[in-house]
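**Q** Here it is, the structure in full.
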Amino acid sequence: MKRTMKTLVVACGAVAVAFGVAAGTTPARAQGKTITLCWAAWDPANALVELSKDFTAKSGIGMKFEFVPWTNYADRFLNELNSHGSLCDLIIGDSQWIGGAAENGQYVKLNDFFKKEGISMDDYMPATVVGYSEWPKNTPNYWALPAMGDAVGWTYRKDWFARPDVQKDFKAKYARDLAVPKTLDELKDIAQFFQGREIDGKKVYGASIYTERGSEGITMGVSNYLYDYGFKYDDPKKPYAMDGFVNSPSAVKGLEAYKELYKCCTPPGASNSYMSEGLDAFKSGQVALQMNFFAFFPGLYKDPNVGGDKIGFFVNPAGPATQATQLGGQGISVVSYSKNQAEALQYIKWFSGGDVQKKWWALGGYSCAKSVLNDPSFPSSAPFAKEFLQSMGMVVDFWAEPSYAQLLQAEQKRVHDYVVADKGTAKEALDGLVKDWKAIFKEDGKKF
Amino acid sequence: MNELSASSRITYRAVMVRPGVARRIRGLSDKTLAWLFITPTIVLLLAINIFPLLWTIYLSFTNYRANRANVPTIWLGADWYQSILTDPDIWAAMQVTAHFVIWTVVIEAVLGFGLAYLIDKKFRGHGLWTTIILLPMMLSPAVVGNFWTFLYQPQIGLFNYVVAFFTGRAASSFQMLGDVTLSPWAIVIVDAWMWTPYVMLICLAGLRSIPDYIYEAAEVDRASKWRQFWSITLPMSLPFIMLAVLFRGIENFKMFDMVNLLTGGGPGSTTEVASITLKRAAFESWRTGYSSAFAIILFVTVFGLANIYVKALNKVKSR
C-alpha cells in the first residue's frame, strides 16, 4: 500500500512538473497575468482573438475572452457592471452604455492615460469618438478607445440584379434600370419587385429588415428610416425638448414608410428578426435585400453560397430629408472594478498602435483609426470598404444617456406595437414615445 | 467485540473516541435537539427567502435603481404602487396573463384528465404510451421554446404544414408567432403540449387511489358506466384535478422562459405576460424600486388567489 502511494505521489509530481515546464514556455504564464476581455459573440470577436495573440506574444500577458450572443449581451454585461463584478478587465461595451457607465463609475476615465501615452482622439474618425468614447457627448471626456466601427448598411443579390430577365421585367414595371437604390422609395420598389418572385424555381422575397421586439432590433431598423425622413431626438437648440422633433410630421411619414416596407416586402414569419435572422434569410437565398450591420459583411462576402460575385453592398439610401444611418459599433473600456487595470491599459495602448489597427482591419475588424480609414488604398481594400467609409460619415446614434435602456424599451414597445402589431397610427406611436421619454427624463431629473 | 455488528462497532468507536461530546448530546433536551437540527434550515430560509422578501418590500417604497447605486435613495411611499395600479400597460399585461393562465389551465385539466382516464384502463403497451406522453414535460422550457419556434416557422415549420394539410390554406399564409390574433393561442398551445402530461400524472394518481370495491358496489347496484363516472370517478378525483389546476395556475402566472423564447412578448405587446413586463422593468430598464413594487403586487395576487383556491379545495376534500 505504502509503495503504491509513493508511486502515485511521484507520478503526480512528475505530471505537475511537466505541466509547469510547458506552461512556463508561454510568456503569459511566465508573467503570471491574464486579463479578460468581454464582448459579443460574433465574427469580429474571432478576429480579435487572433489579433490579441500578438499582444500576448509581445507583453507576456495572457488573454481570456468572454463572448456572449447579442441577444443576451446587454443583459449579461450590464448585470456584471451593475453588480460591480470583476469578471471583465476590458469590455467592448455598446455605444449607448457610455453615459451610464461613465456616470456610475463603471468605466475608468482615460484622459490622463491617453495624455501620458500620447494617444490622441484626433487620430480617430470624429463620429466614432463622439459615439464610442465621449461622455457627456461633444466634450473631451473619454471613457473608451474607439475599437470597432460599425453602422447599418445593406446587402443585395448582385447575381439576381444582373439577370437579363429580371432586368427586363423591372424596366418594364418601373421604367428604369434595376440598380442599387439611391432612395428609400427606390429600395421599396426593388423589394416589392422581388417579393414572391420565382428565381431558379424558388419563391423569394424582397427584404429582410429589423423587427425584433425583445432587445433593440426594431429600433435599430426603424431609425434608418426615421433619420432619413427628418426625425431628430431633440431640438438641437434646446436639449431634451422633443415635441415636434421626435413626432414631427416627417418623422411620422418615416415610420409609416418602414411599416409599409415590413408589410409589403418581408418574408413570412419576419415579425421578430434581428441580425442573425437577417443573415439566415440572406444566406438561405430567401431575400434580395438585407439590412444588417457592416460587421457581418466580411463573413457574408466569404459565404460559399451567396458571397463573392453574388453579393453587393450599399449604404442606407437617402430619404426626403437627408441621408443618414444608424450607428453601431463599440469602444473598448477598462472596467473600474478590474484588479488588472494596469495590464488592461497596456492592452489599450497596444491596440491603439497603427500597425495593430491595420492588422485589425485586415483580419475582419473595423478600425476607427484615421491612419487606416484615410489611407488612399482603403476604399478598394474590401468590396464594402467604400460603403463603410461613406456610412461612417453619416451616422446618428440613439440616446446614450444613463437611462438609455429605459428609453430604448419605450421605443421598442411603441414602434413594434405600430409596425408589427398594427396598434394605432404612426402619429399615436410617436406621440406616445415622446410622452414615455419625457416621463423617463423627468424621473432622471432632467429639465426641458 | 467480535459479536458486534458493523454499525454497532462504528457507534462504539465514536463513543469511545469522544465521550465528552456524547455525554453533552445525551444531556440535551428533545426541544434543544430539535432546535439544533432545524436552526440551519431556518437560517438558510431567512437568508435566501425572508430577507430578500423584506428587502424587496423596502425597495418598493424607494426610488432605488440597481445600476445607479451611488444615487441617494429617496423614500417614495406608495407612489410606485399607485402608478402601477393605474398604468394601462400593466393592466394590459395582466389581461394577457389571465388569458394565458385560464386557457392553459382549462385545456390542460380537460386533456390531462382525459389522458389519465385512458391510461388508467390497462391496455397492451400502456406503459410505453405513458412514457411517450410524459416526454414533453421532461424537456427544458428553453428547448421547448426554440423547438416550437421552428415548428411555427411559416415557411418550413411542421405546424403550418399540418394546418395547411387539413384546411387547404397555404402554409406560409399565416404566422402563429407574428400575428396579433394567433400569437396568444400559439403560446397556449405550446404550454398545453408541454404540461398536459404533468396534469395527467396527478390525475392518474387520483384515479388509482379510488378503491375498486366502490366500483364493485356500484356494479352490484347496476349503475351504468356513465353514472359511475359522474358519481364516483369524477368526484373522487376532483381534489387531485384541483391540485393540478392550482400548481399549473401558479406556475403559469409566473410564466417567463417559454413565452420569452417564443415571442419575446410580441408582436407588439400581444403576448407580454406580467413576468416579461417585470423582467424588463427590473433588468433592462433597471427600475429596481418600481419593479419591486410590481413583484410584490404579483406575489400578493398569486398568494391571495391561491389561498382562496386552497380553501375551495379543502371544502371539496371534506365533502
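Every chain in the C-alpha cells takes a letter, A first, then B, and so on in the order presented; its residues are numbered from 1, and the ligands are numbered from 1 following the presented order.
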Taking only C-alpha atoms into account, report as a PyMOL selection string which residues of chain A lie within 6 Å of chain B.
**A** chain A and resi 82+104+214+269+271+405-406+416-417+420-421
**Q** Give me, as a ChimeraX atom specification, the residues of stretch 114-358 of chain A that a backbone DSSP run labels alpha helix (DSSP H).
**A** /A:114-117,126-132,158-161,164-174,184-194,217-229,249-265,275-283,297-302,341-351,354-358
**Q** Hey, what's within 10 Å of B:Trp148 if we count only C-alpha atoms and toss same-chain stuff fewer than 6 positions away? As a VMD selection string, please?
**A** chain B and resid 157 to 159 177 186 to 187 189 to 190 258 261 to 262
**Q** Please write the residues from the selection above to a file, keeping C-alpha atoms, as a short mmCIF file (atom, residue, chain, number, x, y, z; two decimals), in the first residue's frame.
**A**
```cif
data_model
loop_
_atom_site.label_atom_id
_atom_site.label_comp_id
_atom_site.auth_asym_id
_atom_site.auth_seq_id
_atom_site.Cartn_x
_atom_site.Cartn_y
_atom_site.Cartn_z
CA GLY B 157 -42.47 24.78 -39.84
CA LEU B 158 -44.27 21.48 -39.47
CA PHE B 159 -47.17 23.06 -37.59
CA LEU B 177 -45.98 33.92 -33.70
CA ALA B 186 -49.59 29.89 -30.05
CA ILE B 187 -48.19 30.18 -26.52
CA ILE B 189 -50.77 25.51 -27.45
CA VAL B 190 -47.10 25.11 -26.51
CA MET B 258 -41.08 29.79 -22.74
CA LEU B 261 -38.25 32.48 -26.20
CA LEU B 262 -41.28 32.07 -28.41
#
```
**Q** Would you mind listing what lies within 9 Å of A:Lys253 as a PyMOL selection string, with only C-alpha atoms counted and same-chain residues fewer than 2 positions away left out?
**A** chain A and resi 226+229+248-251+255-258+426-427
**Q** Using only C-alpha atoms, which of A:Pro126, A:Ala57, A:Gly308, A:Phe294 sits nearest A:Asn138?
**A**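 Among A:Pro126, A:Ala57, A:Gly308, A:Phe294, it is A:Pro126 that comes nearest to A:Asn138.
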**Q** I want to know what sits within 12 Å of A:Pro69, based on only C-alpha atoms, with residues of the same chain fewer than 2 positions away left out; could you give that as a PyMOL selection string?
**A** chain A and resi 38-43+45+66-67+71-77+275-276
**Q** Residues near A:Phe113, anyone? I mean within 10 Å using only C-alpha atoms, not counting same-chain ones fewer than 3 positions away, as a list in words.
**A**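 In the requested format, the answer is Val108, Lys109, Leu110, Lys116, Glu117, Gly118, Ile119, Tyr142, Leu345, Ile348 and Lys349 of chain A.
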**Q** Counting only C-alpha atoms, which residue out of B:Val300, B:Leu46, B:Leu111, B:Gly289 sits closest to B:Trp75?
**A**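 Checking each of B:Val300, B:Leu46, B:Leu111, B:Gly289 against B:Trp75, counting only C-alpha atoms, the winner is B:Gly289.
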**Q** Hey, which of A:Ser338, A:Thr425, A:Thr139, A:Ser367 ends up closest to A:Ser352? Count only C-alpha atoms.
**A**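 The answer is A:Ser367, which sits nearest to A:Ser352.
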**Q** List the spatial neighbours of A:Thr219 as a PyMOL selection string - criterion: any atom at most 9 Å away, only C-alpha atoms, same-chain residues fewer than 5 positions off excluded.
**A** chain A and resi 210-213+224+398+408+411-412+415-416
**Q** Write to file, as a PDB file, in the first residue's frame, the residues of the selection just made, with N, CA and C atoms.
**A**
```pdb
ATOM      1  N   TYR A 210     -34.963  44.772 -39.749  1.00  0.00           N
ATOM      2  CA  TYR A 210     -35.012  44.530 -38.308  1.00  0.00           C
ATOM      3  C   TYR A 210     -36.428  44.757 -37.756  1.00  0.00           C
ATOM      4  N   THR A 211     -36.940  43.741 -37.068  1.00  0.00           N
ATOM      5  CA  THR A 211     -38.258  43.859 -36.442  1.00  0.00           C
ATOM      6  C   THR A 211     -38.274  43.294 -35.018  1.00  0.00           C
ATOM      7  N   GLU A 212     -37.121  42.949 -34.512  1.00  0.00           N
ATOM      8  CA  GLU A 212     -37.070  42.233 -33.224  1.00  0.00           C
ATOM      9  C   GLU A 212     -37.641  43.078 -32.083  1.00  0.00           C
ATOM     10  N   ARG A 213     -38.359  42.432 -31.172  1.00  0.00           N
ATOM     11  CA  ARG A 213     -39.056  43.130 -30.096  1.00  0.00           C
ATOM     12  C   ARG A 213     -38.260  43.164 -28.778  1.00  0.00           C
ATOM     13  N   ASN A 224     -33.173  53.992 -39.293  1.00  0.00           N
ATOM     14  CA  ASN A 224     -32.627  54.294 -40.616  1.00  0.00           C
ATOM     15  C   ASN A 224     -33.650  54.993 -41.507  1.00  0.00           C
ATOM     16  N   PHE A 398     -28.437  56.441 -31.165  1.00  0.00           N
ATOM     17  CA  PHE A 398     -29.554  56.511 -30.216  1.00  0.00           C
ATOM     18  C   PHE A 398     -29.071  57.289 -28.986  1.00  0.00           C
ATOM     19  N   LEU A 408     -34.814  53.017 -24.688  1.00  0.00           N
ATOM     20  CA  LEU A 408     -34.838  52.020 -25.757  1.00  0.00           C
ATOM     21  C   LEU A 408     -36.067  51.124 -25.650  1.00  0.00           C
ATOM     22  N   GLU A 411     -39.139  52.827 -26.929  1.00  0.00           N
ATOM     23  CA  GLU A 411     -39.241  52.879 -28.398  1.00  0.00           C
ATOM     24  C   GLU A 411     -39.551  51.498 -28.971  1.00  0.00           C
ATOM     25  N   GLN A 412     -38.913  50.482 -28.413  1.00  0.00           N
ATOM     26  CA  GLN A 412     -39.183  49.112 -28.871  1.00  0.00           C
ATOM     27  C   GLN A 412     -40.695  48.816 -28.813  1.00  0.00           C
ATOM     28  N   VAL A 415     -42.891  51.284 -31.235  1.00  0.00           N
ATOM     29  CA  VAL A 415     -42.701  51.027 -32.662  1.00  0.00           C
ATOM     30  C   VAL A 415     -43.199  49.626 -33.045  1.00  0.00           C
ATOM     31  N   HIS A 416     -42.898  48.662 -32.215  1.00  0.00           N
ATOM     32  CA  HIS A 416     -43.337  47.292 -32.523  1.00  0.00           C
ATOM     33  C   HIS A 416     -44.861  47.206 -32.505  1.00  0.00           C
TER      34      HIS A 416
END
```
**Q** Calculate how many Å separate atom CA of B:Pro239 from atom CA of B:Lys317, rounding to one decimal.
**A**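 Answer for the atom CA of B:Pro239 to atom CA of B:Lys317 separation: 6.0 Å.
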**Q** Nearest residue to B:Ser60 out of B:Thr301, B:Asn146, B:Ser83, B:Thr39, using only C-alpha atoms?
**A**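 Closest to B:Ser60 of all the choices is B:Ser83.
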**Q** Quick one: pull the distance between atom CA of B:Arg169 and atom CA of A:Leu261, Å, one decimal.
**A** 24.6 Å
**Q** DSSP on the backbone, then: every residue of stretch 245-326 of chain A marked strand (DSSP E or B), written as a PyMOL selection string.
**A** chain A and resi 287-293+311-315+318+325-326
